Amino acid sequence: MNDKVNLAEKFALLDEPYNPATVGYVNDAKIVVALIEGEFVWHTHDDTDDFFLVMDGELTIQLRDDDVVLGAGELFVVPRGVEHCPKADVPTRVVLIEKAGTPNTGDTGGEMTRAEREI
């Protein structure tokens, strides 16, 4: 991964919602692209914050006491240890930044857990 990254090309390689792919690294964090559509699972990341940047579409990050709604060009950081559940009513493309090795489903696991992959 020593080349520049074209996000449009990387997003075009995503084949299904909630199957994220790493496109780069910064320090000990991975930069991930993901397609979000529908509701994910409630989960936490005990040892890392979760950075969401919406490229297009609309993302709702459900929190136990509030919802954060993001449009294109908006970002939100879920602090470590805070339970959250992303959802999108329309296909939404997001960039995530999180500690390398962090499972996409955090502490929840289950059938929506995906192995880390690079594209």
# chains A, B, ... in the order shown; residues from 1 in each chain; ligands from 1
>>> residues_around(residues="Arg80 of chain A", least_positions_apart="6", cutoff="9 Å", atoms="only C-alpha atoms", output="list in words")
Thr44, His45, Asp46, Asp47, Thr48, Asp49 and Asp50 of chain A
>>> write_last_selection(atoms="N, CA and C atoms", output="short mmCIF file (atom, residue, chain, number, x, y, z; two decimals), in the first residue's frame")
data_model
loop_
_atom_site.label_atom_id
_atom_site.label_comp_id
_atom_site.auth_asym_id
_atom_site.auth_seq_id
_atom_site.Cartn_x
_atom_site.Cartn_y
_atom_site.Cartn_z
N THR A 44 -19.65 -2.34 21.14
CA THR A 44 -18.70 -1.37 21.67
C THR A 44 -17.29 -1.78 21.26
N HIS A 45 -16.41 -0.81 21.31
CA HIS A 45 -14.97 -1.04 21.14
C HIS A 45 -14.34 -0.51 22.42
N ASP A 46 -13.92 -1.40 23.30
CA ASP A 46 -13.43 -0.98 24.61
C ASP A 46 -12.08 -0.28 24.57
N ASP A 47 -11.27 -0.54 23.53
CA ASP A 47 -9.93 0.03 23.53
C ASP A 47 -9.65 1.00 22.39
N THR A 48 -10.69 1.43 21.67
CA THR A 48 -10.44 2.38 20.58
C THR A 48 -11.70 3.20 20.28
N ASP A 49 -11.48 4.44 19.87
CA ASP A 49 -12.56 5.27 19.36
C ASP A 49 -12.94 4.75 17.98
N ASP A 50 -14.12 5.14 17.49
CA ASP A 50 -14.60 4.72 16.17
C ASP A 50 -14.96 5.97 15.37
#
>>> select_by_dssp(residues="segment 40-98 of chain A", states="strand (DSSP E)", output="ChimeraX atom specification")
/A:50-56,58-63,66-71,75-78,84-98
>>> closest_residue(among="A:Ala21, A:Leu96, A:Val33, A:Leu59", to="Leu7 of chain A", atoms="only C-alpha atoms")
A:Val33
>>> atom_distance(atom1="atom CA of Glu116 of chain A", atom2="atom CA of Pro79 of chain A")
21.5 Å
>>> residues_around(residues="Val94 of chain A", least_positions_apart="3", cutoff="8 Å", atoms="only C-alpha atoms", output="ChimeraX atom specification")
/A:33-36,52-56
>>> write_last_selection(atoms="N, CA and C atoms", output="PDB file, in the first residue's frame")
ATOM      1  N   VAL A  33     -12.900   1.591   4.179  1.00  0.00           N
ATOM      2  CA  VAL A  33     -14.098   2.016   3.447  1.00  0.00           C
ATOM      3  C   VAL A  33     -15.172   0.964   3.669  1.00  0.00           C
ATOM      4  N   ALA A  34     -16.417   1.436   3.737  1.00  0.00           N
ATOM      5  CA  ALA A  34     -17.523   0.505   3.957  1.00  0.00           C
ATOM      6  C   ALA A  34     -18.794   1.042   3.320  1.00  0.00           C
ATOM      7  N   LEU A  35     -19.609   0.126   2.861  1.00  0.00           N
ATOM      8  CA  LEU A  35     -20.957   0.420   2.387  1.00  0.00           C
ATOM      9  C   LEU A  35     -21.902   0.035   3.514  1.00  0.00           C
ATOM     10  N   ILE A  36     -22.753   0.963   3.888  1.00  0.00           N
ATOM     11  CA  ILE A  36     -23.706   0.709   4.969  1.00  0.00           C
ATOM     12  C   ILE A  36     -25.110   0.831   4.411  1.00  0.00           C
ATOM     13  N   PHE A  52     -16.214   7.897  12.033  1.00  0.00           N
ATOM     14  CA  PHE A  52     -17.079   7.736  10.866  1.00  0.00           C
ATOM     15  C   PHE A  52     -17.081   9.029  10.061  1.00  0.00           C
ATOM     16  N   LEU A  53     -16.782   8.956   8.770  1.00  0.00           N
ATOM     17  CA  LEU A  53     -16.887  10.087   7.841  1.00  0.00           C
ATOM     18  C   LEU A  53     -17.791   9.654   6.697  1.00  0.00           C
ATOM     19  N   VAL A  54     -18.912  10.329   6.521  1.00  0.00           N
ATOM     20  CA  VAL A  54     -19.855   9.973   5.461  1.00  0.00           C
ATOM     21  C   VAL A  54     -19.420  10.637   4.159  1.00  0.00           C
ATOM     22  N   MET A  55     -19.255   9.825   3.126  1.00  0.00           N
ATOM     23  CA  MET A  55     -18.886  10.338   1.803  1.00  0.00           C
ATOM     24  C   MET A  55     -20.143  10.668   1.004  1.00  0.00           C
ATOM     25  N   ASP A  56     -21.134   9.799   1.042  1.00  0.00           N
ATOM     26  CA  ASP A  56     -22.439  10.086   0.440  1.00  0.00           C
ATOM     27  C   ASP A  56     -23.492   9.227   1.116  1.00  0.00           C
TER      28      ASP A  56
END
>>> atom_distance(atom1="atom CA of Val41 of chain A", atom2="atom CA of His84 of chain A")
8.1 Å
>>> closest_residue(among="A:Glu98, A:Glu58, A:Glu118, A:Glu39", to="Val77 of chain A", atoms="only C-alpha atoms")
A:Glu98
>>> atom_distance(atom1="atom CA of Glu111 of chain A", atom2="atom CA of Pro91 of chain A")
20.4 Å
>>> residues_around(residues="Lys99 of chain A", least_positions_apart="3", cutoff="7 Å", atoms="only C-alpha atoms", output="PyMOL selection string")
chain A and resi 28-30+48+102
